[in-house]
file protein33.txt (compact mmCIF, C-alpha atoms)
# COMPACT_ATOMS: atom_id res chain seq x y z
CA MET A 168 -59.57 -59.78 17.07
CA ARG A 169 -56.58 -61.53 15.59
CA VAL A 170 -55.30 -61.40 12.03
CA LEU A 171 -53.74 -64.60 10.86
CA LEU A 172 -51.48 -64.65 7.86
CA PRO A 173 -51.64 -68.12 6.34
CA THR A 174 -48.45 -68.88 4.53
CA GLY A 175 -49.68 -71.74 2.42
CA ALA A 176 -53.41 -71.43 1.87
CA ALA A 177 -54.73 -68.73 -0.44
CA LEU A 178 -56.57 -65.77 1.13
CA SER A 179 -60.16 -65.04 0.10
CA ASN A 180 -59.03 -62.87 -2.80
CA GLY A 181 -56.88 -65.67 -4.05
CA ILE A 182 -53.44 -64.31 -3.09
CA SER A 183 -51.28 -66.23 -0.65
CA SER A 184 -49.21 -64.29 1.89
CA ARG A 185 -46.29 -66.30 0.57
CA HIS A 186 -46.39 -63.93 -2.41
CA PHE A 187 -46.13 -60.82 -0.19
CA SER A 188 -42.78 -59.18 0.37
CA ASP A 189 -41.24 -59.46 3.84
CA GLY A 190 -41.71 -55.75 4.41
CA PHE A 191 -45.38 -55.74 3.42
CA THR A 192 -46.06 -58.76 5.63
CA ARG A 193 -44.37 -57.08 8.58
CA ILE A 194 -46.30 -53.83 8.10
CA LEU A 195 -49.58 -55.75 7.83
CA ALA A 196 -48.81 -57.64 11.04
CA ILE A 197 -47.78 -54.48 12.94
CA VAL A 198 -50.79 -52.43 11.87
CA SER A 199 -53.19 -55.31 12.52
CA GLN A 200 -51.75 -55.86 15.98
CA ILE A 201 -51.98 -52.18 16.92
CA GLU A 202 -55.48 -51.61 15.57
CA SER A 203 -56.86 -54.79 17.15
CA SER A 204 -55.17 -54.02 20.50
CA ALA A 205 -56.69 -50.56 20.52
CA VAL A 206 -60.27 -51.80 20.38
CA SER A 207 -60.27 -55.16 22.15
CA GLY A 208 -60.38 -56.33 25.75
CA ALA A 209 -60.89 -54.68 29.11
CA VAL A 210 -57.40 -53.16 29.32
CA ASN A 211 -57.07 -49.47 28.48
CA ALA A 212 -55.37 -49.00 25.08
CA ARG A 213 -52.64 -46.76 26.60
CA ASP A 214 -51.73 -49.57 29.00
CA ARG A 215 -50.95 -51.90 26.13
CA ILE A 216 -47.38 -52.16 24.88
CA LEU A 217 -46.20 -53.55 21.57
CA LEU A 218 -42.52 -54.56 21.38
CA LEU A 219 -40.89 -54.46 17.96
CA ASP A 220 -37.39 -55.67 17.18
CA GLU A 221 -35.37 -53.81 14.52
CA ILE A 222 -38.39 -52.35 12.86
CA GLU A 223 -36.49 -51.16 9.79
CA ASN A 224 -35.76 -54.67 8.49
CA GLY A 225 -37.12 -55.32 5.02
CA ILE A 226 -38.98 -52.01 4.74
CA HIS A 227 -38.26 -49.42 2.06
CA PRO A 228 -37.13 -46.04 3.51
CA GLU A 229 -40.04 -44.23 1.83
CA THR A 230 -42.54 -46.58 3.46
CA LEU A 231 -40.61 -46.42 6.72
CA THR A 232 -41.25 -42.68 7.12
CA LYS A 233 -45.02 -43.32 6.94
CA LEU A 234 -44.75 -46.23 9.38
CA VAL A 235 -42.75 -44.13 11.90
CA LYS A 236 -45.34 -41.33 11.76
CA TYR A 237 -48.11 -43.91 12.25
CA LEU A 238 -46.31 -45.48 15.23
CA ALA A 239 -45.61 -42.09 16.81
CA ASN A 240 -49.37 -41.45 16.89
CA ALA A 241 -50.46 -45.01 17.71
CA PRO A 242 -53.21 -45.47 20.33
CA ILE A 243 -51.06 -47.97 22.26
CA GLN A 244 -47.49 -47.73 23.55
CA ILE A 245 -44.78 -48.84 21.14
CA VAL A 246 -41.25 -49.85 22.09
CA SER A 247 -39.01 -50.57 19.14
CA THR A 248 -35.32 -51.31 18.83
CA THR A 249 -33.40 -50.00 15.83
CA HIS A 250 -29.91 -49.54 14.43
CA SER A 251 -31.22 -47.25 11.70
CA PRO A 252 -30.40 -43.53 11.65
CA LEU A 253 -33.33 -43.10 9.26
CA ILE A 254 -35.78 -44.09 11.99
CA LEU A 255 -34.37 -41.36 14.26
CA ASN A 256 -34.29 -38.80 11.47
CA TYR A 257 -38.00 -39.37 10.73
CA LEU A 258 -38.80 -38.24 14.29
CA SER A 259 -39.06 -34.52 15.04
CA ASP A 260 -36.32 -33.13 17.31
CA PRO A 261 -38.67 -32.92 20.35
CA GLN A 262 -39.96 -36.46 19.69
CA ALA A 263 -36.38 -37.75 19.44
CA VAL A 264 -35.33 -35.98 22.65
CA GLU A 265 -38.35 -37.40 24.46
CA SER A 266 -38.32 -40.95 23.18
CA ALA A 267 -34.89 -42.07 21.92
CA MET A 268 -33.17 -44.32 24.49
CA VAL A 269 -29.75 -45.86 24.10
CA LEU A 270 -28.82 -49.27 25.50
CA TYR A 271 -25.22 -49.75 26.54
CA ARG A 272 -23.08 -52.07 28.64
CA ASP A 273 -21.44 -50.55 31.70
CA PHE A 274 -18.05 -51.37 33.21
CA ARG A 275 -19.60 -54.22 35.23
CA GLY A 276 -21.10 -55.75 32.11
CA ARG A 277 -24.64 -54.77 33.00
CA THR A 278 -27.02 -53.59 30.28
CA ARG A 279 -28.14 -50.05 31.05
CA SER A 280 -30.23 -47.41 29.31
CA CYS A 281 -30.51 -43.65 29.23
CA ARG A 282 -32.06 -40.96 27.05
CA TYR A 283 -29.81 -40.58 24.02
CA PHE A 284 -30.15 -36.80 23.80
CA ASP A 285 -29.35 -36.32 27.50
CA LEU A 286 -25.77 -37.20 26.57
CA PRO A 287 -23.74 -33.99 26.22
CA SER A 288 -22.15 -34.71 22.84
CA ALA A 289 -25.48 -35.76 21.28
CA LYS A 290 -27.40 -32.85 22.82
CA LYS A 291 -24.86 -30.32 21.51
CA LYS A 292 -25.16 -31.57 17.93
CA LEU A 293 -28.96 -31.71 17.79
CA GLY A 294 -30.35 -28.79 15.83
CA ILE A 295 -27.25 -28.37 13.68
CA LEU A 296 -27.74 -32.04 12.71
CA GLY A 297 -30.93 -34.08 12.54
CA PRO A 298 -31.40 -36.82 15.19
CA GLY A 299 -30.28 -39.61 12.85
CA GLU A 300 -27.31 -37.60 11.64
CA VAL A 301 -26.20 -37.13 15.26
CA TYR A 302 -26.44 -40.90 15.68
CA VAL A 303 -24.12 -41.66 12.74
CA ASP A 304 -21.75 -38.79 13.65
CA THR A 305 -21.06 -40.08 17.17
CA SER A 306 -19.12 -43.27 17.93
CA ILE A 307 -20.89 -45.87 20.03
CA GLU A 308 -17.78 -46.18 22.23
CA GLN A 309 -18.01 -42.49 23.07
CA ILE A 310 -21.71 -42.82 23.78
CA ALA A 311 -21.18 -45.73 26.18
CA HIS A 312 -18.38 -43.83 27.91
CA GLU A 313 -20.49 -40.67 28.28
CA ALA A 314 -23.53 -42.60 29.46
CA GLU A 315 -21.45 -44.30 32.12
CA GLU A 316 -19.95 -40.98 33.22
CA MET A 317 -23.44 -39.49 33.44
CA GLU A 318 -24.69 -42.45 35.46
CA ARG A 319 -21.74 -42.20 37.86
CA GLY A 320 -22.36 -38.45 38.23
CA ALA A 321 -26.04 -39.05 39.00
CA SER A 322 -25.26 -41.74 41.60
CA THR A 323 -22.64 -39.49 43.24
CA GLN A 324 -25.20 -36.67 43.44
CA ALA A 325 -27.84 -39.01 44.84
CA GLY A 326 -25.32 -40.20 47.44
CA ALA A 327 -24.53 -36.62 48.43
CA VAL A 328 -28.23 -35.76 48.78
CA GLY A 329 -28.81 -38.90 50.86
CA GLN A 330 -26.04 -38.00 53.32
CA MET B 293 -14.23 -5.06 8.46
CA ILE B 294 -16.69 -7.10 10.46
CA LEU B 295 -15.77 -10.23 12.40
CA VAL B 296 -18.27 -13.03 12.96
CA LEU B 297 -16.83 -15.16 15.76
CA SER B 298 -17.97 -18.47 17.19
CA GLY B 299 -15.99 -20.21 19.92
CA GLU B 300 -16.36 -22.44 22.94
CA GLY B 301 -15.96 -19.96 25.80
CA PRO B 302 -14.29 -16.92 27.38
CA SER B 303 -10.79 -18.46 27.35
CA ASP B 304 -10.73 -18.73 23.55
CA LEU B 305 -12.58 -16.22 21.34
CA GLY B 306 -14.45 -14.59 24.21
CA ALA B 307 -17.94 -14.29 25.65
CA ARG B 308 -20.87 -11.96 26.08
CA ARG B 309 -21.60 -10.40 29.45
CA PRO B 310 -24.41 -8.14 30.67
CA SER B 311 -23.72 -4.41 30.45
CA GLU B 312 -25.61 -1.13 30.82
CA ALA B 313 -26.36 -1.23 27.09
CA GLY B 314 -27.67 -4.80 27.36
CA TRP B 315 -24.80 -7.08 26.37
CA GLU B 316 -21.17 -6.51 25.54
CA PHE B 317 -18.58 -8.72 23.91
CA VAL B 318 -15.49 -9.45 26.00
CA PRO B 319 -12.69 -10.63 23.66
CA GLY B 320 -10.69 -13.67 24.69
CA PRO B 321 -7.04 -14.36 23.80
CA MET B 322 -7.87 -16.01 20.47
CA ALA B 323 -9.94 -12.99 19.38
CA TRP B 324 -6.94 -10.78 20.13
CA ILE B 325 -4.72 -13.07 18.05
CA VAL B 326 -7.13 -12.69 15.11
CA ASP B 327 -7.21 -8.94 15.67
CA LYS B 328 -3.42 -8.58 15.87
CA LEU B 329 -2.90 -10.59 12.68
CA LEU B 330 -5.54 -8.62 10.74
CA GLY B 331 -4.38 -5.32 12.22
CA ARG B 332 -0.88 -5.47 10.69
CA PRO B 333 0.16 -2.52 8.47
CA ASP B 334 -0.01 -4.72 5.34
CA LYS B 335 -3.60 -5.66 6.14
CA LEU B 336 -6.22 -3.54 7.92
CA ASP B 337 -3.77 -1.39 9.89
CA TYR B 338 -6.33 -0.88 12.61
CA SER B 339 -7.85 -2.92 15.44
CA VAL B 340 -11.33 -4.28 14.81
CA LEU B 341 -11.71 -5.07 18.51
CA ASP B 342 -10.69 -1.56 19.63
CA GLY B 343 -13.08 -0.12 17.06
CA HIS B 344 -15.88 -2.34 18.36
CA ALA B 345 -15.14 -1.24 21.95
CA SER B 346 -15.29 2.40 20.80
CA GLY B 347 -18.83 1.99 19.59
CA TYR B 348 -18.52 0.62 16.04
CA ASP B 349 -20.61 -2.49 15.71
CA TRP B 350 -17.83 -4.58 14.17
CA VAL B 351 -18.07 -7.88 16.05
CA TYR B 352 -20.85 -10.46 15.92
CA PHE B 353 -20.32 -13.16 18.52
CA LEU B 354 -22.14 -16.50 18.53
CA SER B 355 -21.88 -18.86 21.50
CA GLU B 356 -22.25 -22.62 20.95
CA THR B 357 -25.92 -22.24 21.82
CA ASP B 358 -26.39 -19.35 19.37
CA LEU B 359 -24.72 -21.39 16.64
CA GLY B 360 -26.98 -24.35 17.35
CA ALA B 361 -30.04 -22.13 17.06
CA LEU B 362 -29.25 -20.97 13.49
CA ARG B 363 -31.71 -22.38 10.99
CA TYR B 364 -30.41 -21.58 7.53
CA PRO B 365 -31.58 -24.11 4.95
CA ARG B 366 -29.23 -27.00 4.39
CA PRO B 367 -29.41 -30.44 2.82
CA ARG B 368 -29.91 -33.31 5.25
CA VAL B 369 -27.43 -35.93 4.15
CA PHE B 370 -25.76 -38.97 5.58
CA PRO B 371 -21.98 -39.42 5.28
CA ARG B 372 -20.59 -41.47 2.43
CA ASP B 373 -18.09 -43.16 4.71
CA GLN B 374 -17.73 -43.60 8.42
CA SER B 375 -14.00 -43.52 9.01
CA SER B 376 -14.25 -40.86 11.72
CA PHE B 377 -16.88 -39.25 13.90
CA GLY B 378 -17.87 -35.66 14.63
CA ASN B 379 -17.00 -34.32 11.18
CA GLN B 380 -20.59 -33.99 10.00
CA TYR B 381 -21.30 -31.74 12.98
CA PHE B 382 -18.37 -29.39 12.27
CA ARG B 383 -19.17 -29.32 8.56
CA ALA B 384 -22.82 -28.50 9.21
CA ALA B 385 -21.97 -25.93 11.90
CA ALA B 386 -19.45 -24.16 9.61
CA ASP B 387 -22.09 -24.17 6.88
CA GLN B 388 -24.52 -22.39 9.23
CA LEU B 389 -21.85 -19.94 10.43
CA GLY B 390 -20.84 -19.18 6.83
CA LYS B 391 -24.45 -18.52 5.83
CA HIS B 392 -24.88 -16.28 8.86
CA ALA B 393 -21.70 -14.34 7.98
CA GLN B 394 -23.00 -13.93 4.43
CA ALA B 395 -26.29 -12.55 5.76
CA VAL B 396 -24.34 -10.09 7.97
CA ALA B 397 -22.23 -8.99 4.96
CA ILE B 398 -25.38 -8.27 2.95
CA GLU B 399 -27.14 -6.54 5.85
CA ARG B 400 -24.14 -4.32 6.67
CA SER B 401 -22.80 -3.95 3.09
CA ASP B 402 -19.33 -4.59 4.48
CA SER B 403 -16.52 -7.15 4.31
CA VAL B 404 -16.91 -10.00 6.76
CA ILE B 405 -14.52 -12.65 8.05
CA ALA B 406 -15.97 -15.54 10.05
CA VAL B 407 -13.81 -17.41 12.56
CA PHE B 408 -14.90 -20.81 13.85
CA PHE B 409 -12.90 -21.86 16.91
CA ARG B 410 -12.79 -25.32 18.47
CA ASP B 411 -10.01 -27.05 20.40
CA SER B 412 -8.74 -30.10 18.56
CA ASP B 413 -9.02 -32.56 21.42
CA GLY B 414 -8.56 -33.05 25.13
CA THR B 415 -7.43 -36.64 25.40
CA ASN B 416 -4.41 -38.70 24.40
CA SER B 417 -6.60 -41.56 23.22
CA ALA B 418 -7.99 -39.55 20.31
CA PRO B 419 -6.72 -40.43 16.83
CA LYS B 420 -3.84 -38.29 15.55
CA THR B 421 -5.91 -37.45 12.48
CA LEU B 422 -8.56 -35.72 14.58
CA TRP B 423 -7.10 -32.23 14.14
CA GLU B 424 -6.85 -32.66 10.36
CA SER B 425 -10.40 -34.00 9.98
CA LYS B 426 -11.90 -31.27 12.20
CA PHE B 427 -10.04 -28.52 10.32
CA GLN B 428 -10.98 -29.93 6.90
CA SER B 429 -14.62 -30.44 7.95
CA MET B 430 -14.89 -26.78 8.90
CA LYS B 431 -13.34 -25.73 5.58
CA ALA B 432 -15.78 -28.00 3.74
CA GLY B 433 -18.67 -26.44 5.67
CA PHE B 434 -17.67 -22.89 4.70
CA GLU B 435 -17.37 -24.07 1.08
CA LEU B 436 -20.81 -25.68 1.31
CA ALA B 437 -22.18 -22.30 2.41
CA GLY B 438 -20.44 -20.63 -0.54
CA PHE B 439 -18.65 -18.33 1.92
CA ARG B 440 -15.01 -17.70 0.93
CA SER B 441 -13.91 -15.80 4.05
CA GLY B 442 -14.43 -18.50 6.65
CA VAL B 443 -11.51 -19.41 8.92
CA PRO B 444 -11.19 -22.63 10.93
CA MET B 445 -9.25 -21.86 14.13
CA VAL B 446 -8.34 -25.25 15.60
CA PRO B 447 -5.37 -25.35 17.99
CA ARG B 448 -3.79 -28.74 18.51
CA PRO B 449 -4.47 -29.96 21.09
CA LYS B 450 -5.86 -26.70 22.58
CA SER B 451 -5.35 -22.94 22.69
CA GLU B 452 -2.97 -23.10 25.68
CA ALA B 453 -0.39 -24.74 23.35
CA TRP B 454 -0.45 -21.63 21.14
CA MET B 455 -0.26 -19.33 24.16
CA LEU B 456 2.62 -21.24 25.73
CA CYS B 457 4.51 -21.31 22.43
CA GLY B 458 3.96 -17.56 21.99
CA LEU B 459 5.26 -16.91 25.51
CA LEU B 460 8.33 -19.13 25.19
CA LYS B 461 9.24 -17.68 21.79
CA SER B 462 8.63 -14.10 22.91
CA GLU B 463 11.00 -14.69 25.81
CA ASP B 464 13.47 -16.37 23.44
CA ALA B 465 13.38 -19.38 25.78
CA VAL B 466 13.17 -22.08 23.06
CA LYS B 467 14.13 -22.51 19.40
CA ASP B 468 10.98 -24.35 18.43
CA CYS B 469 7.98 -25.60 20.34
CA ASN B 470 6.55 -28.29 18.07
CA TRP B 471 6.49 -30.71 21.02
CA LEU B 472 3.61 -28.69 22.50
CA GLU B 473 1.21 -30.11 19.90
CA ASP B 474 1.75 -33.59 21.36
CA GLU B 475 1.22 -32.57 24.97
CA PRO B 476 -1.95 -33.75 26.75
CA GLY B 477 -4.90 -31.44 26.26
CA ASN B 478 -6.76 -33.00 29.15
CA ASP B 479 -6.75 -30.46 32.02
CA ALA B 480 -6.79 -33.31 34.57
CA SER B 481 -3.43 -34.64 33.33
CA PRO B 482 -0.38 -33.89 35.53
CA LYS B 483 1.37 -32.59 32.37
CA SER B 484 -1.65 -30.60 31.16
CA LEU B 485 -0.98 -27.55 29.01
CA LYS B 486 -3.12 -25.43 31.30
CA GLY B 487 -0.93 -26.53 34.23
CA GLN B 488 2.24 -25.77 32.27
CA LEU B 489 0.92 -22.32 31.36
CA GLU B 490 0.02 -21.67 35.00
CA LYS B 491 3.48 -22.73 36.13
CA HIS B 492 5.15 -20.51 33.54
CA LEU B 493 3.02 -17.47 34.39
CA ASN B 494 3.13 -18.17 38.11
CA CYS B 495 -0.57 -17.36 38.32
CA GLU B 496 -3.86 -18.88 37.17
CA PRO B 497 -4.16 -18.43 33.38
CA THR B 498 -7.66 -16.95 33.43
CA SER B 499 -9.32 -15.69 30.24
CA GLU B 500 -8.50 -12.11 31.28
CA VAL B 501 -4.83 -12.89 31.98
CA GLN B 502 -4.43 -14.64 28.62
CA ALA B 503 -6.30 -11.93 26.70
CA GLU B 504 -4.06 -9.25 28.22
CA LEU B 505 -0.91 -11.14 27.21
CA VAL B 506 -1.94 -10.90 23.55
CA ARG B 507 -3.57 -7.46 23.68
CA THR B 508 -0.52 -5.84 25.27
CA GLY B 509 1.92 -7.58 22.91
CA LYS B 510 3.64 -9.74 25.53
CA ILE B 511 2.76 -12.60 23.23
CA ASP B 512 3.53 -11.85 19.59
CA PRO B 513 1.37 -14.11 17.37
CA ALA B 514 3.96 -13.78 14.60
CA LEU B 515 6.33 -15.91 16.67
CA ILE B 516 4.00 -18.86 17.13
CA ASP B 517 5.38 -21.50 14.78
CA LEU B 518 3.14 -24.50 15.48
CA LYS B 519 1.70 -26.37 12.49
CA SER B 520 -1.91 -25.93 13.58
CA PHE B 521 -1.29 -22.18 14.05
CA LYS B 522 0.35 -21.84 10.63
CA GLU B 523 -2.65 -23.54 9.00
CA PHE B 524 -4.93 -21.09 10.77
CA CYS B 525 -2.78 -18.12 9.60
CA GLU B 526 -2.85 -19.33 5.99
CA SER B 527 -6.61 -19.67 6.17
CA LEU B 528 -6.92 -16.19 7.70
CA ASP B 529 -4.70 -14.69 4.97
CA GLN B 530 -6.85 -16.37 2.31
CA ALA B 531 -10.04 -15.17 3.97
CA TYR B 532 -8.65 -11.63 4.09
CA SER B 533 -7.77 -11.74 0.38
CA ASN B 534 -11.23 -13.04 -0.46
CA SER B 535 -12.99 -10.48 1.69
CA ALA B 536 -12.08 -7.64 -0.73
CA VAL B 537 -11.56 -4.97 1.90
CA PRO B 538 -12.27 -1.48 0.54
CA LEU B 539 -9.17 0.75 0.40
CA SER B 540 -10.74 3.51 2.45
call {"tool": "encode", "arguments": {"input": "protein33.txt", "output": "C-alpha cells"}}
result
Amino acid sequence: MRVLLPTGAALSNGISSRHFSDGFTRILAIVSQIESSAVSGAVNARDRILLLDEIENGIHPETLTKLVKYLANAPIQIVSTTHSPLILNYLSDPQAVESAMVLYRDFRGRTRSCRYFDLPSAKKKLGILGPGEVYVDTSIEQIAHEAEEMERGASTQAGAVGQ
Amino acid sequence: MILVLSGEGPSDLGARRPSEAGWEFVPGPMAWIVDKLLGRPDKLDYSVLDGHASGYDWVYFLSETDLGALRYPRPRVFPRDQSSFGNQYFRAAADQLGKHAQAVAIERSDSVIAVFFRDSDGTNSAPKTLWESKFQSMKAGFELAGFRSGVPMVPRPKSEAWMLCGLLKSEDAVKDCNWLEDEPGNDASPKSLKGQLEKHLNCEPTSEVQAELVRTGKIDPALIDLKSFKEFCESLDQAYSNSAVPLS
C-alpha cells in the first residue's frame, strides 16, 4: 500500500494537501509509511527500517511527544536523527540509555558513533537530569572528546586481549 | 548538629566502608575541615565527626551514586541561555541534596548543614569562569530546594590546592598562596598539585594521610587564604547562622 499526497489536486473530501501544515503532512507521511510497511510484503515487519531525518522539524512540541511515543512502539525499526533535546526528554531513561546514539568526528576525520549514555559525563548526569537536559548541559566538544577517549580505550583493551 | 555530606571520593569528604555494624563513614580531609571550622568555640564547640564516631548518628553521607538515585520532585526545565555547560546538573543535584537534608532535619528534629563538594576542574583548557558558575549553580540549587543551610564546597582547581596552602601557611613557608589556584588540576601534569603535595610531604598524599593532617591540626584551616576557600567559609558561616543551632 502506498499513500500519495497530491499537492495540487484536491483529495476526495475536497481539501488539497497544499492546505496542510508542514508538520501535519510530515506526520501523515510517517504514520502512513509505518502502518503500510507493517502489513505489506514478504519481509518481516521487524526487518524493515524507516530512516527519518531531523524528525522534530515543523512539529509542535505537544504533538511531538505523541509522535515519539508512537515511534518507540512502532512495529518496524525506526532510525531518526535529531538535534532536539525535547525528543530525548520524551524518552524514558531506560529507552534513552538503550537507543540514543551520538555521531561524532574523530581525530582522523572519520564519522563515528557510540551510545550517548555510555559516555561518563552523560551517564553521571542521567537521573538528576532528564535525557534531554543532559544533552543541553553537555558541550558537543566534550562529548566528541570523551567518545574518542572511550573508543581509544576500547581498542587498547581489544589489542591487549588479542596479544 | 547533623551533617549531610556529598562528595566525589575518599580524598575529599570521605567514603563509606564495610564494618561489623554494616557500613561506617570514613571522613576525608575536607570533612575534617568542615568539622574544625564548625567546632570552634564561637560555633558548636564540639566535633560532629568525633561524636559520630562515638555512636551518635550525626553524619549522613551520599556518594555520587546515592545522590543520583534521589528522586525528590523537581521541575524539568531547559536553561534560558547556553553560555556554559554543566551548571544545570550542579543546580539540580544541589536541589536534590537540599531536599534530602530538609527531610533529614524533619525526621531527626535537629539542625542540619548540607555540604556539596566538587573539584572545580582538572584541566587548563577549562574557562576561568568555571569555578564561579559551578559555585553559583550549587547555591541556586539549594535556594531552589528552599534549604538555607546548604554549602557549596568547590576548591579551585582542586582540594590539594587548599591542603598545600594550609601546609605552607602552617609552616610559615609563604606569605600568600594565591598562585595555587592557577596551578594545573590535572594529575597527569608534571606540575600537578597532587605531585606538589607529594613532594612537600615526601610521601604519597593518600586520603588517610591528608585526613590526619587536618584532624591532628598540622593543617589549620583558619590559615588557608585562597579565594575559593574564603567563599566556602562565608557560605558555611551563613549556613551555620541559618541552621538555628539550639543553645544546649
call {"tool": "atom_distance", "arguments": {"input": "protein33.txt", "atom1": "CA of Val206 (chain A)", "atom2": "CA of Thr192 (chain A)"}}
result
21.6 Å
call {"tool": "closest_atom_pairs", "arguments": {"input": "protein33.txt", "of": "chain B", "to": "chain A", "cutoff": "9 Å", "atoms": "all atoms listed in the file", "output": "CSV"}}
result
residue,atom,partner,partner_atom,distance
B:Glu356,CA,A:Lys291,CA,8.1
B:Thr357,CA,A:Lys291,CA,8.2
B:Leu359,CA,A:Ile295,CA,8.0
B:Gly360,CA,A:Ile295,CA,5.4
B:Ala361,CA,A:Gly294,CA,6.8
B:Leu362,CA,A:Ile295,CA,7.7
B:Arg363,CA,A:Ile295,CA,7.9
B:Arg368,CA,A:Gly297,CA,7.4
B:Val369,CA,A:Glu300,CA,7.7
B:Phe370,CA,A:Glu300,CA,6.4
B:Pro371,CA,A:Val303,CA,8.1
B:Gln374,CA,A:Val303,CA,8.0
B:Ser376,CA,A:Asp304,CA,8.0
B:Phe377,CA,A:Asp304,CA,4.9
B:Gly378,CA,A:Asp304,CA,5.1
B:Asn379,CA,A:Asp304,CA,7.0
B:Gln380,CA,A:Asp304,CA,6.1
B:Tyr381,CA,A:Lys292,CA,6.3
B:Ala384,CA,A:Ile295,CA,6.3
B:Ala385,CA,A:Ile295,CA,6.1
B:Gln388,CA,A:Ile295,CA,7.9
call {"tool": "closest_residue", "arguments": {"input": "protein33.txt", "among": "B:Lys467, B:Arg383, B:Lys391, B:Arg400", "to": "Lys431 (chain B)", "atoms": "all atoms listed in the file"}}
result
B:Arg383
call {"tool": "atom_distance", "arguments": {"input": "protein33.txt", "atom1": "CA of Phe191 (chain A)", "atom2": "CA of Gly225 (chain A)"}}
result
8.4 Å
call {"tool": "residues_around", "arguments": {"input": "protein33.txt", "residues": "region 306-323 of chain B", "least_positions_apart": "4", "cutoff": "8 Å", "atoms": "all atoms listed in the file", "output": "PyMOL selection string"}}
result
chain B and resi 299+301-302+327+341+351+353+355+451+499-500+502-507
call {"tool": "axis_aligned_box", "arguments": {"input": "protein33.txt", "around": "region 399-407 of chain B", "padding_each_side": "4 Å", "output": "AutoDock Vina command-line options"}}
result
--center_x -20.5 --center_y -10.7 --center_z 7.8 --size_x 21.3 --size_y 21.5 --size_z 17.5
call {"tool": "atom_distance", "arguments": {"input": "protein33.txt", "atom1": "CA of Ser280 (chain A)", "atom2": "CA of Phe382 (chain B)"}}
result
27.5 Å
call {"tool": "residues_around", "arguments": {"input": "protein33.txt", "residues": "Ala514 (chain B)", "least_positions_apart": "4", "cutoff": "12 Å", "atoms": "all atoms listed in the file", "output": "PyMOL selection string"}}
result
chain B and resi 325-326+328-330+332+454-455+457-459+461-462+506+509-510+518+521-522+525
call {"tool": "residues_around", "arguments": {"input": "protein33.txt", "residues": "Phe524 (chain B)", "least_positions_apart": "5", "cutoff": "9 Å", "atoms": "only C-alpha atoms", "output": "list in words"}}
result
Val443, Pro444, Met445, Val446, Pro447, Lys519 and Asp529 of chain B
call {"tool": "residues_around", "arguments": {"input": "protein33.txt", "residues": "region 468-483 of chain B", "least_positions_apart": "2", "cutoff": "7 Å", "atoms": "all atoms listed in the file", "output": "ChimeraX atom specification"}}
result
/B:413-416,448-450,453,457,466,485-488,518
call {"tool": "closest_residue", "arguments": {"input": "protein33.txt", "among": "B:Lys335, B:Arg410, B:His392, B:His344", "to": "Pro365 (chain B)", "atoms": "only C-alpha atoms"}}
result
B:His392
call {"tool": "closest_residue", "arguments": {"input": "protein33.txt", "among": "A:Arg279, A:Ala263, A:Gly320, A:Tyr271", "to": "Glu308 (chain A)", "atoms": "only C-alpha atoms"}}
result
A:Tyr271
call {"tool": "residues_around", "arguments": {"input": "protein33.txt", "residues": "Asp402 (chain B)", "least_positions_apart": "2", "cutoff": "8 Å", "atoms": "only C-alpha atoms", "output": "list in words"}}
result
Met293, Ile294, Ala397, Ile398, Arg400 and Val404 of chain B
call {"tool": "write_last_selection", "arguments": {"input": "protein33.txt", "atoms": "C-alpha atoms", "output": "compact mmCIF listing (two decimals), in the frame of the given file"}}
result
# COMPACT_ATOMS: atom_id res chain seq x y z
CA MET B 293 -14.23 -5.06 8.46
CA ILE B 294 -16.69 -7.10 10.46
CA ALA B 397 -22.23 -8.99 4.96
CA ILE B 398 -25.38 -8.27 2.95
CA ARG B 400 -24.14 -4.32 6.67
CA VAL B 404 -16.91 -10.00 6.76
call {"tool": "closest_residue", "arguments": {"input": "protein33.txt", "among": "A:Ile182, A:Val198, A:Arg282, A:Ser247", "to": "Leu218 (chain A)", "atoms": "only C-alpha atoms"}}
result
A:Ser247
